[in-house]
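Notes follow once the structure below has been shown.
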Amino acid sequence: MLILTRKINQKLIINDNIEIVILESYKNSVKIGVNAPNDVQIYREEIYNEIKKSNKQALGIDIDSLNKLKTIQKQGSFDVMKKIHKND
């Protein structure tokens, strides 16, 4: 980890296209500004962790539901779909 000391209005430059500016300093916090290209995603850590958690949950596959969908696809019957819906 790189540790730096900066004063108000001083900047950090990352990769020639990201600029971090120290705007204000409080007792236990610092207000910063970030200038970056639109394609660079910037998140607070707690938001980033929630996104990662949500993405992991979305990857979970319910095998029973997947098998039911395969059955529907093979049979191509709307009646099968009704039966599955009633069983759920």
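Residues are named by chain letter and number: chains run A, B, ... in the order of the structure tokens, numbers start at 1 in each chain, and ligands are numbered from 1 in the order shown.
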For range 34-75 of chain A versus range 12-25 of chain A, which residues have an atom no more than 9 Å away, and what is each residue's nearest atom pair and distance in Å rounded to one decimal, using only C-alpha atoms, chain-then-number order, as CSV?
residue,atom,partner,partner_atom,distance
A:Val34,CA,A:Ile20,CA,4.6
A:Asn35,CA,A:Glu19,CA,5.0
A:Ala36,CA,A:Ile18,CA,4.6
A:Pro37,CA,A:Asn17,CA,7.0
A:Val40,CA,A:Ile18,CA,8.9
Same residues, N, CA and C atoms, saved as a compact mmCIF listing (two decimals), in the first residue's frame:
# COMPACT_ATOMS: atom_id res chain seq x y z
N VAL A 34 -12.92 13.00 -7.43
CA VAL A 34 -12.29 12.08 -8.37
C VAL A 34 -12.70 12.47 -9.79
N ASN A 35 -11.72 12.75 -10.61
CA ASN A 35 -11.96 12.98 -12.04
C ASN A 35 -11.42 11.77 -12.77
N ALA A 36 -12.31 11.09 -13.49
CA ALA A 36 -11.91 9.88 -14.20
C ALA A 36 -12.75 9.76 -15.47
N PRO A 37 -12.26 9.00 -16.45
CA PRO A 37 -13.07 8.77 -17.66
C PRO A 37 -14.40 8.10 -17.31
N VAL A 40 -14.64 4.36 -16.33
CA VAL A 40 -14.03 3.90 -15.08
C VAL A 40 -15.11 3.91 -14.01
Checklist entry - Looking only at the backbone, which of the residues in chain A does DSSP tag as strand (DSSP E), as an NGL selection string? => result :A and (11-14 or 18-25 or 30-35)
Generate the output file for the selected residues, C-alpha atoms, as a compact mmCIF listing (two decimals), in the first residue's frame.
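For reference, selection-v5.txt as written:
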# COMPACT_ATOMS: atom_id res chain seq x y z
CA LYS A 11 -3.83 15.94 -6.22
CA LEU A 12 -2.91 12.37 -6.93
CA ILE A 13 -2.67 11.22 -10.54
CA ILE A 14 -3.30 7.56 -11.37
CA ILE A 18 -7.52 9.55 -13.04
CA GLU A 19 -7.15 12.54 -10.76
CA ILE A 20 -7.90 12.51 -7.03
CA VAL A 21 -8.16 15.91 -5.36
CA ILE A 22 -8.21 16.56 -1.62
CA LEU A 23 -11.07 19.04 -1.14
CA GLU A 24 -11.57 19.30 2.63
CA SER A 25 -10.25 17.76 5.79
CA VAL A 30 -11.44 13.72 4.24
CA LYS A 31 -13.56 14.99 1.37
CA ILE A 32 -12.08 14.01 -1.98
CA GLY A 33 -12.97 14.58 -5.61
CA VAL A 34 -12.29 12.08 -8.37
CA ASN A 35 -11.96 12.98 -12.04
Checklist entry - In Å, with one decimal, what is the gap from CA of Lys7 in chain A to CA of Lys27 in chain A? => result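 So the two atoms, CA of Lys7 in chain A and CA of Lys27 in chain A, lie 14.0 Å apart.
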Checklist entry - Mind checking DSSP for range 25-61 of chain A and telling me the alpha helix (DSSP H) residues as a list in words? => result Glu45, Glu46, Ile47, Tyr48, Asn49, Glu50, Ile51, Lys52, Lys53, Ser54, Asn55, Lys56, Gln57, Ala58 and Leu59 of chain A
Checklist entry - CA of Leu4 in chain A and CA of Tyr26 in chain A, how far apart in Å? => result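 One can read the CA of Tyr26 in chain A to CA of Leu4 in chain A distance as 17.1 Å.
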